[in-house]
Amino acid sequence: MNFAENLKDLLDSKEIEVKELAHGTGISKNTLDNYLSGQKSIPNAENAVKIAKFLGTTVEYLVTGDFAETSPSLEISKIVKNLYRLNKSDFESIKNIIASLAQK
């Protein structure tokens, strides 16, 4: 996956709109839209760090889709990445299990 796809996946999984990302990072919505459309394939280092921090991930994940071994949220990130591979029924089952456990 490329930067645009990884960014889209994170925004979707965290239910964050582009305008929220723009507000939280100080990066214009137009610039973010360009990253998401692939018109501008990858942000400069400063913007990549701002995006990664806001989304609670690493720049490495945004760029490559891989997680650095030193990432503090490595296990959670791996789980989230695997959730994308589930069919809809299995995903709903996992979602219900998590919701049930969170209510304890």
# chains A, B, ... in the order shown; residues from 1 in each chain; ligands from 1

$ select_by_dssp --residues "range 40-103 of chain A" --states "helix (DSSP H, G or I)" --output "PDB file with N, CA and C atoms, in the first residue's frame"
ATOM      1  N   ALA A  45       8.702  15.875   5.225  1.00  0.00           N
ATOM      2  CA  ALA A  45       8.909  15.230   6.530  1.00  0.00           C
ATOM      3  C   ALA A  45       8.115  15.918   7.633  1.00  0.00           C
ATOM      4  N   GLU A  46       8.073  17.231   7.633  1.00  0.00           N
ATOM      5  CA  GLU A  46       7.363  17.973   8.681  1.00  0.00           C
ATOM      6  C   GLU A  46       5.869  17.618   8.682  1.00  0.00           C
ATOM      7  N   ASN A  47       5.255  17.609   7.507  1.00  0.00           N
ATOM      8  CA  ASN A  47       3.830  17.273   7.425  1.00  0.00           C
ATOM      9  C   ASN A  47       3.572  15.804   7.751  1.00  0.00           C
ATOM     10  N   ALA A  48       4.472  14.933   7.326  1.00  0.00           N
ATOM     11  CA  ALA A  48       4.306  13.509   7.629  1.00  0.00           C
ATOM     12  C   ALA A  48       4.330  13.280   9.143  1.00  0.00           C
ATOM     13  N   VAL A  49       5.205  13.963   9.837  1.00  0.00           N
ATOM     14  CA  VAL A  49       5.286  13.831  11.298  1.00  0.00           C
ATOM     15  C   VAL A  49       4.015  14.370  11.947  1.00  0.00           C
ATOM     16  N   LYS A  50       3.522  15.510  11.481  1.00  0.00           N
ATOM     17  CA  LYS A  50       2.288  16.080  12.032  1.00  0.00           C
ATOM     18  C   LYS A  50       1.116  15.120  11.859  1.00  0.00           C
ATOM     19  N   ILE A  51       1.011  14.531  10.679  1.00  0.00           N
ATOM     20  CA  ILE A  51      -0.082  13.595  10.388  1.00  0.00           C
ATOM     21  C   ILE A  51       0.047  12.356  11.275  1.00  0.00           C
ATOM     22  N   ALA A  52       1.254  11.797  11.334  1.00  0.00           N
ATOM     23  CA  ALA A  52       1.477  10.592  12.136  1.00  0.00           C
ATOM     24  C   ALA A  52       1.154  10.837  13.605  1.00  0.00           C
ATOM     25  N   LYS A  53       1.611  11.962  14.148  1.00  0.00           N
ATOM     26  CA  LYS A  53       1.337  12.265  15.558  1.00  0.00           C
ATOM     27  C   LYS A  53      -0.156  12.410  15.802  1.00  0.00           C
ATOM     28  N   PHE A  54      -0.836  13.107  14.926  1.00  0.00           N
ATOM     29  CA  PHE A  54      -2.277  13.313  15.103  1.00  0.00           C
ATOM     30  C   PHE A  54      -3.028  11.984  15.066  1.00  0.00           C
ATOM     31  N   LEU A  55      -2.595  11.081  14.199  1.00  0.00           N
ATOM     32  CA  LEU A  55      -3.283   9.806  14.038  1.00  0.00           C
ATOM     33  C   LEU A  55      -2.766   8.716  14.981  1.00  0.00           C
ATOM     34  N   VAL A  59       5.455   7.591  11.004  1.00  0.00           N
ATOM     35  CA  VAL A  59       5.657   8.000   9.608  1.00  0.00           C
ATOM     36  C   VAL A  59       5.946   6.757   8.770  1.00  0.00           C
ATOM     37  N   GLU A  60       6.699   5.836   9.340  1.00  0.00           N
ATOM     38  CA  GLU A  60       7.004   4.602   8.606  1.00  0.00           C
ATOM     39  C   GLU A  60       5.734   3.883   8.179  1.00  0.00           C
ATOM     40  N   TYR A  61       4.753   3.788   9.081  1.00  0.00           N
ATOM     41  CA  TYR A  61       3.511   3.125   8.707  1.00  0.00           C
ATOM     42  C   TYR A  61       2.807   3.883   7.580  1.00  0.00           C
ATOM     43  N   LEU A  62       2.744   5.196   7.690  1.00  0.00           N
ATOM     44  CA  LEU A  62       2.077   5.992   6.654  1.00  0.00           C
ATOM     45  C   LEU A  62       2.721   5.784   5.291  1.00  0.00           C
ATOM     46  N   VAL A  63       4.037   5.703   5.267  1.00  0.00           N
ATOM     47  CA  VAL A  63       4.750   5.595   3.995  1.00  0.00           C
ATOM     48  C   VAL A  63       4.770   4.164   3.458  1.00  0.00           C
ATOM     49  N   THR A  64       5.005   3.186   4.344  1.00  0.00           N
ATOM     50  CA  THR A  64       5.220   1.815   3.873  1.00  0.00           C
ATOM     51  C   THR A  64       4.104   0.842   4.223  1.00  0.00           C
ATOM     52  N   LEU A  74       2.699  -0.987  18.643  1.00  0.00           N
ATOM     53  CA  LEU A  74       2.921  -2.030  17.638  1.00  0.00           C
ATOM     54  C   LEU A  74       1.849  -3.107  17.657  1.00  0.00           C
ATOM     55  N   GLU A  75       1.552  -3.652  18.820  1.00  0.00           N
ATOM     56  CA  GLU A  75       0.584  -4.746  18.886  1.00  0.00           C
ATOM     57  C   GLU A  75      -0.807  -4.294  18.445  1.00  0.00           C
ATOM     58  N   ILE A  76      -1.246  -3.134  18.915  1.00  0.00           N
ATOM     59  CA  ILE A  76      -2.555  -2.620  18.527  1.00  0.00           C
ATOM     60  C   ILE A  76      -2.587  -2.357  17.033  1.00  0.00           C
ATOM     61  N   SER A  77      -1.534  -1.797  16.515  1.00  0.00           N
ATOM     62  CA  SER A  77      -1.468  -1.494  15.088  1.00  0.00           C
ATOM     63  C   SER A  77      -1.522  -2.753  14.239  1.00  0.00           C
ATOM     64  N   LYS A  78      -0.864  -3.803  14.697  1.00  0.00           N
ATOM     65  CA  LYS A  78      -0.908  -5.069  13.959  1.00  0.00           C
ATOM     66  C   LYS A  78      -2.331  -5.631  13.960  1.00  0.00           C
ATOM     67  N   ILE A  79      -2.995  -5.535  15.105  1.00  0.00           N
ATOM     68  CA  ILE A  79      -4.369  -6.015  15.192  1.00  0.00           C
ATOM     69  C   ILE A  79      -5.260  -5.247  14.227  1.00  0.00           C
ATOM     70  N   VAL A  80      -5.126  -3.927  14.221  1.00  0.00           N
ATOM     71  CA  VAL A  80      -5.941  -3.096  13.336  1.00  0.00           C
ATOM     72  C   VAL A  80      -5.664  -3.460  11.880  1.00  0.00           C
ATOM     73  N   LYS A  81      -4.406  -3.641  11.546  1.00  0.00           N
ATOM     74  CA  LYS A  81      -4.064  -4.002  10.166  1.00  0.00           C
ATOM     75  C   LYS A  81      -4.716  -5.324   9.775  1.00  0.00           C
ATOM     76  N   ASN A  82      -4.724  -6.289  10.702  1.00  0.00           N
ATOM     77  CA  ASN A  82      -5.345  -7.587  10.414  1.00  0.00           C
ATOM     78  C   ASN A  82      -6.864  -7.493  10.317  1.00  0.00           C
ATOM     79  N   LEU A  83      -7.468  -6.553  11.020  1.00  0.00           N
ATOM     80  CA  LEU A  83      -8.918  -6.392  10.931  1.00  0.00           C
ATOM     81  C   LEU A  83      -9.363  -6.083   9.508  1.00  0.00           C
ATOM     82  N   LYS A  88     -16.720  -9.298   6.266  1.00  0.00           N
ATOM     83  CA  LYS A  88     -17.633  -8.433   7.021  1.00  0.00           C
ATOM     84  C   LYS A  88     -18.221  -9.131   8.244  1.00  0.00           C
ATOM     85  N   SER A  89     -18.595 -10.365   8.105  1.00  0.00           N
ATOM     86  CA  SER A  89     -19.199 -11.122   9.208  1.00  0.00           C
ATOM     87  C   SER A  89     -18.212 -11.294  10.360  1.00  0.00           C
ATOM     88  N   ASP A  90     -16.976 -11.687  10.048  1.00  0.00           N
ATOM     89  CA  ASP A  90     -15.968 -11.860  11.088  1.00  0.00           C
ATOM     90  C   ASP A  90     -15.625 -10.517  11.745  1.00  0.00           C
ATOM     91  N   PHE A  91     -15.568  -9.473  10.942  1.00  0.00           N
ATOM     92  CA  PHE A  91     -15.284  -8.146  11.475  1.00  0.00           C
ATOM     93  C   PHE A  91     -16.365  -7.735  12.478  1.00  0.00           C
ATOM     94  N   GLU A  92     -17.631  -7.970  12.126  1.00  0.00           N
ATOM     95  CA  GLU A  92     -18.735  -7.623  13.024  1.00  0.00           C
ATOM     96  C   GLU A  92     -18.653  -8.430  14.312  1.00  0.00           C
ATOM     97  N   SER A  93     -18.281  -9.684  14.217  1.00  0.00           N
ATOM     98  CA  SER A  93     -18.141 -10.524  15.408  1.00  0.00           C
ATOM     99  C   SER A  93     -17.055  -9.971  16.337  1.00  0.00           C
ATOM    100  N   ILE A  94     -15.922  -9.632  15.776  1.00  0.00           N
ATOM    101  CA  ILE A  94     -14.822  -9.072  16.573  1.00  0.00           C
ATOM    102  C   ILE A  94     -15.243  -7.742  17.192  1.00  0.00           C
ATOM    103  N   LYS A  95     -15.926  -6.926  16.423  1.00  0.00           N
ATOM    104  CA  LYS A  95     -16.401  -5.635  16.927  1.00  0.00           C
ATOM    105  C   LYS A  95     -17.326  -5.837  18.127  1.00  0.00           C
ATOM    106  N   ASN A  96     -18.218  -6.818  18.042  1.00  0.00           N
ATOM    107  CA  ASN A  96     -19.141  -7.104  19.143  1.00  0.00           C
ATOM    108  C   ASN A  96     -18.402  -7.637  20.368  1.00  0.00           C
ATOM    109  N   ILE A  97     -17.399  -8.464  20.167  1.00  0.00           N
ATOM    110  CA  ILE A  97     -16.604  -8.981  21.285  1.00  0.00           C
ATOM    111  C   ILE A  97     -15.893  -7.838  21.998  1.00  0.00           C
ATOM    112  N   ILE A  98     -15.287  -6.948  21.229  1.00  0.00           N
ATOM    113  CA  ILE A  98     -14.579  -5.817  21.828  1.00  0.00           C
ATOM    114  C   ILE A  98     -15.538  -4.928  22.591  1.00  0.00           C
ATOM    115  N   ALA A  99     -16.694  -4.647  22.018  1.00  0.00           N
ATOM    116  CA  ALA A  99     -17.685  -3.802  22.687  1.00  0.00           C
ATOM    117  C   ALA A  99     -18.140  -4.456  23.992  1.00  0.00           C
ATOM    118  N   SER A 100     -18.334  -5.756  23.978  1.00  0.00           N
ATOM    119  CA  SER A 100     -18.748  -6.477  25.181  1.00  0.00           C
ATOM    120  C   SER A 100     -17.662  -6.419  26.255  1.00  0.00           C
ATOM    121  N   LEU A 101     -16.426  -6.645  25.865  1.00  0.00           N
ATOM    122  CA  LEU A 101     -15.314  -6.599  26.824  1.00  0.00           C
ATOM    123  C   LEU A 101     -15.106  -5.193  27.384  1.00  0.00           C
ATOM    124  N   ALA A 102     -15.326  -4.200  26.577  1.00  0.00           N
ATOM    125  CA  ALA A 102     -15.133  -2.802  27.022  1.00  0.00           C
ATOM    126  C   ALA A 102     -16.161  -2.392  28.050  1.00  0.00           C
TER     127      ALA A 102
END

$ residues_around --residues "range 27-34 of chain A" --least-positions-apart "2" --cutoff "12 Å" --atoms "only C-alpha atoms" --output "ChimeraX atom specification"
/A:3-4,7-8,11,17-25,36-44,46-51,54

$ atom_distance --atom1 "CA of Asp66 in chain A" --atom2 "CA of Asn2 in chain A"
10.6 Å
